[in-house]
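Peer 1: work-v2.pdb is reproduced in full below (PDB, C-alpha atoms).
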ATOM      1  CA  MET V   1       0.000   0.000   0.000
ATOM      2  CA  PRO V   2       1.344   3.462  -0.875
ATOM      3  CA  GLY V   3       2.660   5.611   1.939
ATOM      4  CA  ILE V   4       4.262   8.999   2.495
ATOM      5  CA  GLY V   5       5.856  10.576  -0.561
ATOM      6  CA  ALA V   6       7.665  13.749  -1.528
ATOM      7  CA  PHE V   7       7.434  16.279  -4.330
ATOM      8  CA  ILE V   8      11.002  16.893  -5.458
ATOM      9  CA  SER V   9      11.601  19.504  -8.136
ATOM     10  CA  ALA V  10      14.931  20.203  -9.775
ATOM     11  CA  GLY V  11      14.805  23.951  -9.132
ATOM     12  CA  LYS V  12      18.102  25.710  -9.746
ATOM     13  CA  SER V  13      20.240  22.614  -9.259
ATOM     14  CA  LEU V  14      19.652  19.245 -10.877
ATOM     15  CA  GLN V  15      22.381  17.726  -8.713
ATOM     16  CA  SER V  16      20.634  18.874  -5.533
ATOM     17  CA  ALA V  17      17.437  17.234  -6.725
ATOM     18  CA  LEU V  18      19.245  13.982  -7.445
ATOM     19  CA  ASP V  19      20.824  14.063  -3.984
ATOM     20  CA  ARG V  20      17.389  14.659  -2.455
ATOM     21  CA  VAL V  21      15.826  11.748  -4.333
ATOM     22  CA  ARG V  22      18.660   9.524  -3.158
ATOM     23  CA  ARG V  23      18.053  10.715   0.407
ATOM     24  CA  ALA V  24      14.282  10.159   0.197
ATOM     25  CA  ASP V  25      14.898   6.672  -1.167
ATOM     26  CA  GLY V  26      17.174   5.860   1.747
ATOM     27  CA  LEU V  27      14.767   7.314   4.307
ATOM     28  CA  GLY V  28      11.994   4.988   3.187
ATOM     29  CA  PHE V  29       9.685   7.403   1.388
ATOM     30  CA  ASP V  30       7.203   5.617  -0.851
ATOM     31  CA  ALA V  31       7.363   7.921  -3.870
ATOM     32  CA  ALA V  32       9.067  10.926  -5.407
ATOM     33  CA  TYR V  33       6.963  13.076  -7.744
ATOM     34  CA  THR V  34       7.966  15.896 -10.023
ATOM     35  CA  THR V  35       5.800  18.389 -11.899
ATOM     36  CA  GLN V  36       5.916  19.624 -15.468
ATOM     37  CA  ILE V  37       6.508  23.376 -15.198
ATOM     38  CA  ALA V  38       8.367  25.945 -17.295
ATOM     39  CA  GLY V  39      11.686  24.231 -16.694
ATOM     40  CA  ARG V  40      13.067  20.744 -17.163
ATOM     41  CA  ASP V  41      10.980  18.040 -18.773
ATOM     42  CA  ALA V  42       9.358  15.990 -16.005
ATOM     43  CA  LEU V  43       9.542  12.612 -17.743
ATOM     44  CA  SER V  44      13.197  13.044 -18.680
ATOM     45  CA  LEU V  45      13.869  14.098 -15.107
ATOM     46  CA  LEU V  46      12.360  10.851 -13.811
ATOM     47  CA  MET V  47      14.924   8.869 -15.800
ATOM     48  CA  ALA V  48      17.629  10.742 -13.920
ATOM     49  CA  TYR V  49      15.824  10.076 -10.624
ATOM     50  CA  ALA V  50      15.649   6.382 -11.492
ATOM     51  CA  SER V  51      19.402   6.278 -12.020
ATOM     52  CA  VAL V  52      20.153   7.406  -8.437
ATOM     53  CA  SER V  53      17.498   5.412  -6.563
ATOM     54  CA  GLU V  54      16.678   1.784  -5.931
ATOM     55  CA  ARG V  55      13.202   1.290  -4.494
ATOM     56  CA  ILE V  56      11.239   4.546  -4.367
ATOM     57  CA  ARG V  57       8.346   4.906  -6.816
ATOM     58  CA  LEU V  58       8.802   7.671  -9.381
ATOM     59  CA  GLY V  59       5.944   9.700 -10.790
ATOM     60  CA  THR V  60       4.795  12.764 -12.634
ATOM     61  CA  GLY V  61       2.766  14.928 -10.346
ATOM     62  CA  VAL V  62       1.601  15.921 -12.898
ATOM     63  CA  VAL V  63       2.293  16.247 -16.613
ATOM     64  CA  PRO V  64      -0.340  17.944 -18.827
ATOM     65  CA  ILE V  65      -2.016  15.666 -21.345
ATOM     66  CA  PHE V  66      -1.607  18.346 -24.013
ATOM     67  CA  SER V  67       2.186  18.322 -23.696
ATOM     68  CA  ARG V  68       2.453  15.005 -25.550
ATOM     69  CA  THR V  69       0.253  12.852 -27.707
ATOM     70  CA  PRO V  70      -1.096   9.748 -25.952
ATOM     71  CA  VAL V  71       1.373   7.680 -27.972
ATOM     72  CA  ALA V  72       4.392   9.734 -26.921
ATOM     73  CA  MET V  73       3.205   9.692 -23.292
ATOM     74  CA  ALA V  74       2.759   5.928 -23.267
ATOM     75  CA  GLN V  75       6.172   5.352 -24.835
ATOM     76  CA  ALA V  76       7.941   7.650 -22.376
ATOM     77  CA  ALA V  77       6.188   6.190 -19.336
ATOM     78  CA  ALA V  78       6.844   2.619 -20.438
ATOM     79  CA  THR V  79      10.524   3.385 -21.027
ATOM     80  CA  ILE V  80      10.959   4.923 -17.566
ATOM     81  CA  ASP V  81       9.081   2.009 -16.042
ATOM     82  CA  GLU V  82      11.364  -0.509 -17.696
ATOM     83  CA  PHE V  83      14.539   1.353 -16.754
ATOM     84  CA  SER V  84      13.429   1.777 -13.135
ATOM     85  CA  GLY V  85      12.344  -1.820 -12.674
ATOM     86  CA  GLY V  86       8.618  -1.139 -12.533
ATOM     87  CA  ARG V  87       8.587   1.982 -10.363
ATOM     88  CA  MET V  88       6.814   4.434 -12.686
ATOM     89  CA  VAL V  89       3.560   6.219 -11.813
ATOM     90  CA  LEU V  90       2.037   8.299 -14.609
ATOM     91  CA  GLY V  91       0.210  11.302 -13.167
ATOM     92  CA  LEU V  92      -1.830  13.194 -15.783
ATOM     93  CA  GLY V  93      -3.673  16.522 -15.657
ATOM     94  CA  VAL V  94      -5.516  18.806 -18.046
ATOM     95  CA  SER V  95      -3.601  21.859 -16.732
ATOM     96  CA  HIS V  96      -5.170  25.303 -17.335
ATOM     97  CA  GLN V  97      -6.368  27.153 -20.412
ATOM     98  CA  VAL V  98      -3.693  29.851 -20.234
ATOM     99  CA  THR V  99      -0.960  27.207 -20.107
ATOM    100  CA  VAL V 100      -2.458  24.902 -22.684
ATOM    101  CA  GLU V 101      -3.007  27.675 -25.215
ATOM    102  CA  ASN V 102       0.232  29.611 -24.690
ATOM    103  CA  TRP V 103       2.582  26.665 -24.249
ATOM    104  CA  TYR V 104       1.108  23.847 -26.314
ATOM    105  CA  GLY V 105      -1.133  25.554 -28.860
ATOM    106  CA  ALA V 106      -4.085  23.395 -27.799
ATOM    107  CA  ARG V 107      -7.484  24.012 -26.190
ATOM    108  CA  ILE V 108      -9.288  22.645 -23.188
ATOM    109  CA  GLU V 109     -12.786  22.184 -24.581
ATOM    110  CA  LYS V 110     -14.343  19.311 -22.612
ATOM    111  CA  PRO V 111     -11.815  18.550 -19.855
ATOM    112  CA  VAL V 112     -13.520  15.460 -18.446
ATOM    113  CA  THR V 113     -14.096  13.985 -21.910
ATOM    114  CA  GLN V 114     -10.568  14.809 -23.028
ATOM    115  CA  MET V 115      -9.060  13.189 -19.937
ATOM    116  CA  ARG V 116     -11.261  10.105 -20.305
ATOM    117  CA  GLU V 117     -10.202   9.635 -23.923
ATOM    118  CA  TYR V 118      -6.522  10.256 -23.224
ATOM    119  CA  VAL V 119      -6.314   7.799 -20.331
ATOM    120  CA  GLY V 120      -8.260   5.208 -22.297
ATOM    121  CA  ILE V 121      -5.803   5.380 -25.186
ATOM    122  CA  VAL V 122      -2.700   5.250 -22.961
ATOM    123  CA  ARG V 123      -4.094   2.252 -21.071
ATOM    124  CA  ALA V 124      -4.930   0.416 -24.284
ATOM    125  CA  ILE V 125      -1.436   0.987 -25.658
ATOM    126  CA  LEU V 126       0.182  -0.294 -22.455
ATOM    127  CA  ARG V 127      -2.049  -3.359 -22.507
ATOM    128  CA  GLY V 128      -1.393  -4.151 -26.155
ATOM    129  CA  GLU V 129      -5.004  -3.454 -27.114
ATOM    130  CA  ALA V 130      -6.458  -1.450 -29.980
ATOM    131  CA  PRO V 131      -6.812   2.170 -28.769
ATOM    132  CA  PRO V 132     -10.433   3.354 -28.588
ATOM    133  CA  GLU V 133     -11.608   6.048 -30.973
ATOM    134  CA  GLY V 134     -12.438   9.434 -29.506
ATOM    135  CA  GLU V 135     -13.703  12.889 -30.277
ATOM    136  CA  PHE V 136     -10.378  14.555 -29.472
ATOM    137  CA  PHE V 137      -7.694  11.857 -29.560
ATOM    138  CA  ASN V 138      -7.203   9.049 -32.056
ATOM    139  CA  THR V 139      -4.346   6.717 -32.943
ATOM    140  CA  ARG V 140      -3.725   3.228 -34.307
ATOM    141  CA  PHE V 141      -0.383   2.859 -32.533
ATOM    142  CA  GLN V 142       0.668  -0.417 -30.948
ATOM    143  CA  PHE V 143       4.067  -1.451 -29.579
ATOM    144  CA  MET V 144       6.140  -3.740 -31.766
ATOM    145  CA  GLY V 145       8.819  -5.946 -30.237
ATOM    146  CA  PHE V 146       8.347  -4.440 -26.772
ATOM    147  CA  GLU V 147       5.871  -5.420 -24.086
ATOM    148  CA  PRO V 148       5.466  -2.765 -21.365
ATOM    149  CA  ARG V 149       4.028  -3.435 -17.931
ATOM    150  CA  PRO V 150       0.283  -3.433 -18.658
ATOM    151  CA  GLU V 151      -0.672  -2.481 -15.104
ATOM    152  CA  LEU V 152       1.545   0.632 -14.991
ATOM    153  CA  PRO V 153      -0.490   2.905 -12.661
ATOM    154  CA  ILE V 154      -2.152   6.007 -14.056
ATOM    155  CA  TYR V 155      -3.251   8.775 -11.680
ATOM    156  CA  VAL V 156      -5.472  11.714 -12.619
ATOM    157  CA  ALA V 157      -5.098  15.211 -11.197
ATOM    158  CA  ALA V 158      -8.486  16.465 -10.041
ATOM    159  CA  LEU V 159     -10.044  19.393  -8.190
ATOM    160  CA  SER V 160     -13.701  19.554  -9.241
ATOM    161  CA  PRO V 161     -16.335  16.949  -8.331
ATOM    162  CA  ASN V 162     -16.692  15.905 -11.981
ATOM    163  CA  MET V 163     -12.980  15.256 -12.448
ATOM    164  CA  LEU V 164     -12.758  13.561  -9.050
ATOM    165  CA  ARG V 165     -15.518  11.150 -10.051
ATOM    166  CA  LEU V 166     -13.731  10.476 -13.337
ATOM    167  CA  ALA V 167     -10.482   9.765 -11.481
ATOM    168  CA  GLY V 168     -12.277   7.271  -9.283
ATOM    169  CA  GLU V 169     -13.842   5.627 -12.310
ATOM    170  CA  ILE V 170     -10.889   5.275 -14.694
ATOM    171  CA  ALA V 171      -7.655   5.803 -12.748
ATOM    172  CA  ASP V 172      -5.576   4.035 -10.126
ATOM    173  CA  GLY V 173      -5.285   7.153  -8.000
ATOM    174  CA  VAL V 174      -5.990  10.868  -7.787
ATOM    175  CA  MET V 175      -3.438  13.651  -7.380
ATOM    176  CA  LEU V 176      -4.357  16.733  -5.355
ATOM    177  CA  TRP V 177      -2.782  20.154  -4.947
ATOM    178  CA  LEU V 178      -4.057  22.854  -2.563
ATOM    179  CA  CYS V 179      -6.809  20.545  -1.342
ATOM    180  CA  ASN V 180      -6.873  20.962   2.441
ATOM    181  CA  PRO V 181      -7.851  18.069   4.748
ATOM    182  CA  GLY V 182     -11.421  19.315   5.076
ATOM    183  CA  TYR V 183     -11.908  19.298   1.306
ATOM    184  CA  ILE V 184     -10.373  15.837   1.063
ATOM    185  CA  ARG V 185     -12.706  14.488   3.724
ATOM    186  CA  GLU V 186     -15.894  16.198   2.544
ATOM    187  CA  VAL V 187     -15.478  16.298  -1.249
ATOM    188  CA  VAL V 188     -12.573  14.208  -2.556
ATOM    189  CA  VAL V 189     -13.259  10.918  -0.800
ATOM    190  CA  PRO V 190     -17.040  10.894  -1.453
ATOM    191  CA  GLU V 191     -16.627  11.849  -5.122
ATOM    192  CA  VAL V 192     -13.890   9.347  -5.956
ATOM    193  CA  THR V 193     -15.901   6.719  -4.081
ATOM    194  CA  GLU V 194     -18.851   7.432  -6.359
ATOM    195  CA  GLY V 195     -16.571   7.112  -9.369
ATOM    196  CA  ARG V 196     -15.291   3.769  -8.140
ATOM    197  CA  GLN V 197     -18.852   2.566  -7.660
ATOM    198  CA  ARG V 198     -19.690   3.564 -11.242
ATOM    199  CA  ALA V 199     -16.886   1.270 -12.385
ATOM    200  CA  GLY V 200     -17.990  -1.527 -10.056
ATOM    201  CA  LYS V 201     -14.860  -1.142  -7.935
ATOM    202  CA  ALA V 202     -14.186  -0.641  -4.241
ATOM    203  CA  LEU V 203     -12.219   2.291  -2.865
ATOM    204  CA  ASP V 204      -9.649  -0.148  -1.473
ATOM    205  CA  GLY V 205      -6.524  -0.076  -3.606
ATOM    206  CA  PHE V 206      -7.206   3.416  -4.937
ATOM    207  CA  ASP V 207      -4.485   5.938  -4.078
ATOM    208  CA  VAL V 208      -5.182   9.487  -2.910
ATOM    209  CA  VAL V 209      -2.009  11.553  -3.301
ATOM    210  CA  ALA V 210      -2.260  14.897  -1.520
ATOM    211  CA  ALA V 211       0.469  17.510  -1.697
ATOM    212  CA  VAL V 212       1.346  18.791   1.785
ATOM    213  CA  PRO V 213       3.399  22.012   1.726
ATOM    214  CA  VAL V 214       5.820  21.997   4.648
ATOM    215  CA  ALA V 215       8.232  24.580   6.007
ATOM    216  CA  LEU V 216      10.598  23.519   8.755
ATOM    217  CA  THR V 217      11.654  26.916  10.048
ATOM    218  CA  ASP V 218      12.129  29.125  13.091
ATOM    219  CA  ASP V 219      10.662  32.053  11.115
ATOM    220  CA  PRO V 220       7.098  31.002  10.246
ATOM    221  CA  ASP V 221       6.073  34.529   9.234
ATOM    222  CA  ALA V 222       8.725  34.583   6.512
ATOM    223  CA  ALA V 223       7.635  31.136   5.315
ATOM    224  CA  ARG V 224       4.010  32.258   5.156
ATOM    225  CA  ALA V 225       5.048  35.311   3.147
ATOM    226  CA  THR V 226       6.863  33.067   0.681
ATOM    227  CA  MET V 227       3.883  30.763   0.399
ATOM    228  CA  ARG V 228       1.542  33.708  -0.211
ATOM    229  CA  GLN V 229       3.785  34.832  -3.054
ATOM    230  CA  ASP V 230       3.717  31.349  -4.563
ATOM    231  CA  LEU V 231      -0.079  31.209  -4.297
ATOM    232  CA  ILE V 232      -0.663  34.313  -6.438
ATOM    233  CA  THR V 233      -0.679  32.240  -9.612
ATOM    234  CA  TYR V 234      -2.978  29.562  -8.215
ATOM    235  CA  ALA V 235      -5.431  32.075  -6.741
ATOM    236  CA  SER V 236      -5.703  33.553 -10.233
ATOM    237  CA  LEU V 237      -6.555  30.287 -12.033
ATOM    238  CA  PRO V 238     -10.246  29.347 -12.397
ATOM    239  CA  PHE V 239      -9.946  25.658 -11.461
ATOM    240  CA  TYR V 240      -8.081  26.414  -8.229
ATOM    241  CA  ARG V 241     -10.280  29.394  -7.371
ATOM    242  CA  SER V 242     -13.415  27.276  -7.606
ATOM    243  CA  MET V 243     -11.926  24.550  -5.445
ATOM    244  CA  LEU V 244     -10.705  27.007  -2.801
ATOM    245  CA  GLU V 245     -14.132  28.630  -2.673
ATOM    246  CA  ARG V 246     -15.744  25.208  -2.217
ATOM    247  CA  SER V 247     -13.214  24.614   0.567
ATOM    248  CA  GLY V 248     -14.607  27.543   2.556
ATOM    249  CA  PHE V 249     -12.069  30.142   1.496
ATOM    250  CA  GLY V 250     -14.416  32.349  -0.492
ATOM    251  CA  ASP V 251     -13.619  35.354   1.711
ATOM    252  CA  GLU V 252      -9.917  34.895   1.044
ATOM    253  CA  ILE V 253     -10.456  34.737  -2.717
ATOM    254  CA  ALA V 254     -12.652  37.862  -2.556
ATOM    255  CA  ALA V 255     -10.021  39.743  -0.551
ATOM    256  CA  PHE V 256      -7.340  38.587  -2.984
ATOM    257  CA  ASP V 257      -9.416  39.857  -5.910
ATOM    258  CA  GLU V 258      -9.951  43.240  -4.275
ATOM    259  CA  GLY V 259      -6.222  43.697  -3.882
ATOM    260  CA  MET V 260      -5.428  42.639  -7.437
ATOM    261  CA  GLN V 261      -8.166  44.849  -8.889
ATOM    262  CA  ALA V 262      -6.755  47.776  -6.922
ATOM    263  CA  GLY V 263      -3.317  47.126  -8.399
ATOM    264  CA  ASP V 264      -1.948  46.259  -4.952
ATOM    265  CA  PRO V 265      -0.343  42.781  -4.936
ATOM    266  CA  ASP V 266       0.679  43.119  -1.281
ATOM    267  CA  ARG V 267      -2.928  43.706  -0.298
ATOM    268  CA  ALA V 268      -3.982  40.761  -2.444
ATOM    269  CA  LYS V 269      -1.484  38.462  -0.753
ATOM    270  CA  ALA V 270      -2.560  39.669   2.673
ATOM    271  CA  GLY V 271      -6.063  38.468   1.824
ATOM    272  CA  LEU V 272      -4.799  34.882   1.883
ATOM    273  CA  SER V 273      -5.277  34.412   5.610
ATOM    274  CA  ASP V 274      -3.118  32.632   8.152
ATOM    275  CA  GLN V 275      -6.099  30.323   8.695
ATOM    276  CA  MET V 276      -6.053  29.295   5.049
ATOM    277  CA  LEU V 277      -2.296  28.702   5.035
ATOM    278  CA  GLY V 278      -2.552  26.787   8.300
ATOM    279  CA  ALA V 279      -5.168  24.481   6.798
ATOM    280  CA  LEU V 280      -3.005  23.785   3.758
ATOM    281  CA  ALA V 281       0.501  23.539   5.201
ATOM    282  CA  GLY V 282       2.718  22.618   8.104
ATOM    283  CA  ILE V 283       4.815  25.658   8.972
ATOM    284  CA  GLY V 284       7.131  25.925  11.957
ATOM    285  CA  PRO V 285       9.016  23.390  14.092
ATOM    286  CA  VAL V 286       9.206  19.646  13.574
ATOM    287  CA  GLU V 287       5.944  19.078  15.453
ATOM    288  CA  GLU V 288       4.005  21.330  13.058
ATOM    289  CA  VAL V 289       5.436  19.586   9.999
ATOM    290  CA  ARG V 290       4.547  16.137  11.293
ATOM    291  CA  ALA V 291       1.116  17.261  12.468
ATOM    292  CA  ALA V 292       0.244  18.505   8.972
ATOM    293  CA  VAL V 293       1.050  15.106   7.470
ATOM    294  CA  GLN V 294      -1.089  13.422  10.103
ATOM    295  CA  ARG V 295      -4.037  15.768   9.412
ATOM    296  CA  TYR V 296      -3.976  14.835   5.752
ATOM    297  CA  ARG V 297      -3.727  11.145   6.604
ATOM    298  CA  GLU V 298      -6.702  11.319   8.932
ATOM    299  CA  ALA V 299      -8.754  13.148   6.295
ATOM    300  CA  GLY V 300      -8.343  10.300   3.794
ATOM    301  CA  ALA V 301      -5.079  10.994   1.967
ATOM    302  CA  ILE V 302      -3.612   7.537   1.383
ATOM    303  CA  SER V 303      -0.336   9.098   0.264
ATOM    304  CA  PRO V 304       0.348  12.512   1.783
ATOM    305  CA  CYS V 305       3.320  13.897  -0.134
ATOM    306  CA  VAL V 306       5.386  16.684   1.353
ATOM    307  CA  GLY V 307       6.761  19.523  -0.708
ATOM    308  CA  GLY V 308       9.094  22.225   0.539
ATOM    309  CA  VAL V 309       8.326  25.919   0.860
ATOM    310  CA  PRO V 310      11.287  27.794  -0.721
ATOM    311  CA  GLY V 311      13.753  29.228   1.750
ATOM    312  CA  THR V 312      13.059  26.653   4.442
ATOM    313  CA  ASP V 313      14.829  23.438   5.474
ATOM    314  CA  PHE V 314      13.245  20.851   3.201
ATOM    315  CA  ASP V 315      15.961  18.274   3.850
ATOM    316  CA  GLY V 316      15.324  18.635   7.560
ATOM    317  CA  ALA V 317      11.587  18.311   6.912
ATOM    318  CA  LEU V 318      12.184  15.065   5.055
ATOM    319  CA  GLU V 319      14.158  13.734   8.013
ATOM    320  CA  ALA V 320      11.363  14.756  10.384
ATOM    321  CA  VAL V 321       8.586  13.237   8.296
ATOM    322  CA  ALA V 322      10.556  10.031   7.833
ATOM    323  CA  GLU V 323       9.930   9.338  11.518
ATOM    324  CA  LEU V 324       6.257   8.797  10.590
ATOM    325  CA  ILE V 325       7.109   6.063   8.082
ATOM    326  CA  PRO V 326       6.593   2.549   9.493
ATOM    327  CA  GLY V 327       9.886   0.769   9.986
TER     328      GLY V 327
END
Is it possible to express this structure as structure tokens?
Peer 2:
Amino acid sequence: MPGIGAFISAGKSLQSALDRVRRADGLGFDAAYTTQIAGRDALSLLMAYASVSERIRLGTGVVPIFSRTPVAMAQAAATIDEFSGGRMVLGLGVSHQVTVENWYGARIEKPVTQMREYVGIVRAILRGEAPPEGEFFNTRFQFMGFEPRPELPIYVAALSPNMLRLAGEIADGVMLWLCNPGYIREVVVPEVTEGRQRAGKALDGFDVVAAVPVALTDDPDAARATMRQDLITYASLPFYRSMLERSGFGDEIAAFDEGMQAGDPDRAKAGLSDQMLGALAGIGPVEEVRAAVQRYREAGAISPCVGGVPGTDFDGALEAVAELIPG
């Protein structure tokens, strides 16, 4: 059964990321995930992670479906899986309209339908089956002379109830970002459960990966300021805004909007309350970091996955969280 994982990005130094993956592997973390952002290619990065680790699962958390055709995605995932000895987890997301249009020249038109089709094609390719025909994605590709692991796990990034139900129905797990424990308990678990029921499956065996921002620091105010800065982008994106409002942070989003509309980013950031940050993250001493992981676990996150707040001691946080991993 999956356990505690870590989001490990390359940042400024690829070597530091490789050292961190090696450390997480040795500490007993279940998985290391990396995200496709405006930097290094996430799938290529996982090959490097595989080369410096032995047992930790390696996944995209997540890669946009519009960044590669289903064929290219299946080939890359299968190659990493083979090289790593069966440790690959393919996390897929639709991303956001601004990214999809400006980076990939594509359009999000029917996100749930597009994700359903994409996952169906990737699964068929991995299983050696004829890919299903779709409205948005079509291919006749099949592997020749190579048999990938047919059960390679596919996770779907989801925020809205509709996408959460789809994840439960068609995927092996769901990947969450900025979903606080309350939202996981009250929305995520019930919706993915309904999706599992639609597919005639139980919730047992389905992974719920929840990102847990952590900041091991003796200056929590500075860490909160950094996190507020990082949240500007997310508070401006429709999918995240809707989820945060459903999570009970409508006042925070309204205050953020007032600041941005007034041309005052500092006021906008101040609208993202300490209460909101406290619900999302573990900021402060070791006890706060560990307590955040436990809150997510108790809310239904099968695999809480810690990610570091810039400027804080992420390596120390990994050491602290490792104490929660069963020996």
Peer 1: Could you state which residues are captured by the PyMOL selection byres ((chain V and resi 142) around 8) in this file, as number ranges by chain?
Peer 2: V: 125, 128-130, 140-141, 143-144
Peer 1: Go ahead and write the selection's residues with C-alpha atoms as a compact mmCIF listing (two decimals), in the frame of the given file.
Peer 2:
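The result, written out as selection.txt:
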# COMPACT_ATOMS: atom_id res chain seq x y z
CA ILE V 125 -1.44 0.99 -25.66
CA GLY V 128 -1.39 -4.15 -26.16
CA GLU V 129 -5.00 -3.45 -27.11
CA ALA V 130 -6.46 -1.45 -29.98
CA ARG V 140 -3.72 3.23 -34.31
CA PHE V 141 -0.38 2.86 -32.53
CA PHE V 143 4.07 -1.45 -29.58
CA MET V 144 6.14 -3.74 -31.77
Peer 1: What do you get, as a list of chain:residue names, if you spell out every residue that the PyMOL selection byres ((chain V and resi 6) around 9) selects here?
Peer 2: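 Taken over the shown coordinates, the PyMOL selection byres ((chain V and resi 6) around 9) returns V:Ile4, V:Gly5, V:Phe7, V:Ile8, V:Val21, V:Ala24, V:Phe29, V:Asp30, V:Ala31, V:Ala32, V:Tyr33, V:Thr34, V:Ala211, V:Val212, V:Pro304, V:Cys305, V:Val306, V:Gly307, V:Gly308, V:Leu318.
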Peer 1: Could you check the closest approach to Arg290 of chain V for each of V:Asp266, V:Asp25, V:Asp315, V:Glu323 and tell me which residue wins, using all atoms listed in the file?
Peer 2: V:Glu323
Peer 1: Return the single residue from V:Ile232, V:Ala74, V:Leu244, V:Met88 that is closest to Arg267 of chain V, with distances computed using only C-alpha atoms.
Peer 2: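 Ranked by minimum distance to Arg267 of chain V, first place goes to V:Ile232.
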Peer 1: At a cut-off of 10 Å, using all atoms listed in the file, what residues contact Pro220 of chain V? Leave out same-chain residues fewer than 5 positions from it and give the result as a list of chain:residue names.
Peer 2: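 Neighbouring residues, sequence-local ones excluded: V:Ala215, V:Ala225, V:Thr226, V:Gly282, V:Ile283, V:Gly284, V:Pro285, V:Thr312.
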Peer 1: For the structure shown, which residues end up in the PyMOL selection byres ((chain V and resi 121) around 10)? Put them as number ranges by chain, please?
Peer 2: V: 69-71, 74, 115-120, 122-127, 129-134, 137-141
Peer 1: What would the file look like if the residues just selected were written as a PDB file, in the frame of the given file with C-alpha atoms?
Peer 2:
ATOM      1  CA  THR V  69       0.253  12.852 -27.707  1.00  0.00           C
ATOM      2  CA  PRO V  70      -1.096   9.748 -25.952  1.00  0.00           C
ATOM      3  CA  VAL V  71       1.373   7.680 -27.972  1.00  0.00           C
ATOM      4  CA  ALA V  74       2.759   5.928 -23.267  1.00  0.00           C
ATOM      5  CA  MET V 115      -9.060  13.189 -19.937  1.00  0.00           C
ATOM      6  CA  ARG V 116     -11.261  10.105 -20.305  1.00  0.00           C
ATOM      7  CA  GLU V 117     -10.202   9.635 -23.923  1.00  0.00           C
ATOM      8  CA  TYR V 118      -6.522  10.256 -23.224  1.00  0.00           C
ATOM      9  CA  VAL V 119      -6.314   7.799 -20.331  1.00  0.00           C
ATOM     10  CA  GLY V 120      -8.260   5.208 -22.297  1.00  0.00           C
ATOM     11  CA  VAL V 122      -2.700   5.250 -22.961  1.00  0.00           C
ATOM     12  CA  ARG V 123      -4.094   2.252 -21.071  1.00  0.00           C
ATOM     13  CA  ALA V 124      -4.930   0.416 -24.284  1.00  0.00           C
ATOM     14  CA  ILE V 125      -1.436   0.987 -25.658  1.00  0.00           C
ATOM     15  CA  LEU V 126       0.182  -0.294 -22.455  1.00  0.00           C
ATOM     16  CA  ARG V 127      -2.049  -3.359 -22.507  1.00  0.00           C
ATOM     17  CA  GLU V 129      -5.004  -3.454 -27.114  1.00  0.00           C
ATOM     18  CA  ALA V 130      -6.458  -1.450 -29.980  1.00  0.00           C
ATOM     19  CA  PRO V 131      -6.812   2.170 -28.769  1.00  0.00           C
ATOM     20  CA  PRO V 132     -10.433   3.354 -28.588  1.00  0.00           C
ATOM     21  CA  GLU V 133     -11.608   6.048 -30.973  1.00  0.00           C
ATOM     22  CA  GLY V 134     -12.438   9.434 -29.506  1.00  0.00           C
ATOM     23  CA  PHE V 137      -7.694  11.857 -29.560  1.00  0.00           C
ATOM     24  CA  ASN V 138      -7.203   9.049 -32.056  1.00  0.00           C
ATOM     25  CA  THR V 139      -4.346   6.717 -32.943  1.00  0.00           C
ATOM     26  CA  ARG V 140      -3.725   3.228 -34.307  1.00  0.00           C
ATOM     27  CA  PHE V 141      -0.383   2.859 -32.533  1.00  0.00           C
TER      28      PHE V 141
END
Peer 1: May I ask which of the residues V:Asp19, V:Ala291, V:Ile80, V:Gly248 is the closest one to Asn180 of chain V, counting all atoms listed in the file?
Peer 2: V:Gly248
Peer 1: Tell me, as a ChimeraX atom specification, which residues lie within 12 Å of Gly250 of chain V, counting all atoms listed in the file; anything in the same chain fewer than 4 positions away does not count.
Peer 2: /V:235,240-246,254-257,271-273,276
Peer 1: One decimal, Å: what's the distance from atom CA of Val63 of chain V over to atom CA of Ala320 of chain V, could you say?
Peer 2: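 Atom CA of Ala320 of chain V lies at a distance of 28.5 Å from atom CA of Val63 of chain V.
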Peer 1: Distance atom CA of Asp251 of chain V-atom CA of Lys269 of chain V, one decimal place?
Peer 2: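 Taking atom CA of Asp251 of chain V and atom CA of Lys269 of chain V, their separation equals 12.8 Å.
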Peer 1: For Arg198 of chain V, please output as a list in words all residues within 10 Å (counting only C-alpha atoms; exclusion window: fewer than 3 positions along the same chain).
Peer 2: Arg165, Leu166, Gly168, Glu169, Ile170, Val192, Thr193, Glu194, Gly195, Lys201 and Ala202 of chain V
Peer 1: Quick one: residues within 12 Å of Thr99 of chain V, only C-alpha atoms, excluding same-chain residues fewer than 6 positions away - as a list in words?
Peer 2: Gln36, Ile37, Ala38, Val63, Pro64, Ile65, Phe66, Ser67, Gly93, Gly105, Ala106, Arg107, Ile108, Thr233 and Leu237 of chain V
Peer 1: Would you list the contacts of Ser84 of chain V as a PyMOL selection string, taking every protein, DNA or RNA residue within 12 Å and counting all atoms listed in the file, but skipping same-chain residues closer than 6 positions in sequence?
Peer 2: chain V and resi 46-59+77-78+149
Peer 1: From the set V:Arg228, V:Arg87, V:His96, V:Arg22, which residue has the shortest atom-to-atom contact distance to Pro310 of chain V, counting all atoms listed in the file?
Peer 2: V:Arg228
Peer 1: For Asn162 of chain V, which residue out of V:Val188, V:Ala262, V:Ala76, V:Val286 is the nearest one, using only C-alpha atoms?
Peer 2: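 Result for the nearest residue to Asn162 of chain V: V:Val188.
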Peer 1: Please, what distance in Å, to one decimal, runs between atom CA of Leu280 of chain V and atom CA of Cys179 of chain V?
Peer 2: 7.1 Å
Peer 1: Restricting the calculation to only C-alpha atoms: of V:Gly61, V:Gly200, V:Gly205, V:Gly85, which residue gets closest to Ala157 of chain V?
Peer 2: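 That would be V:Gly61, the residue with the smallest distance to Ala157 of chain V.
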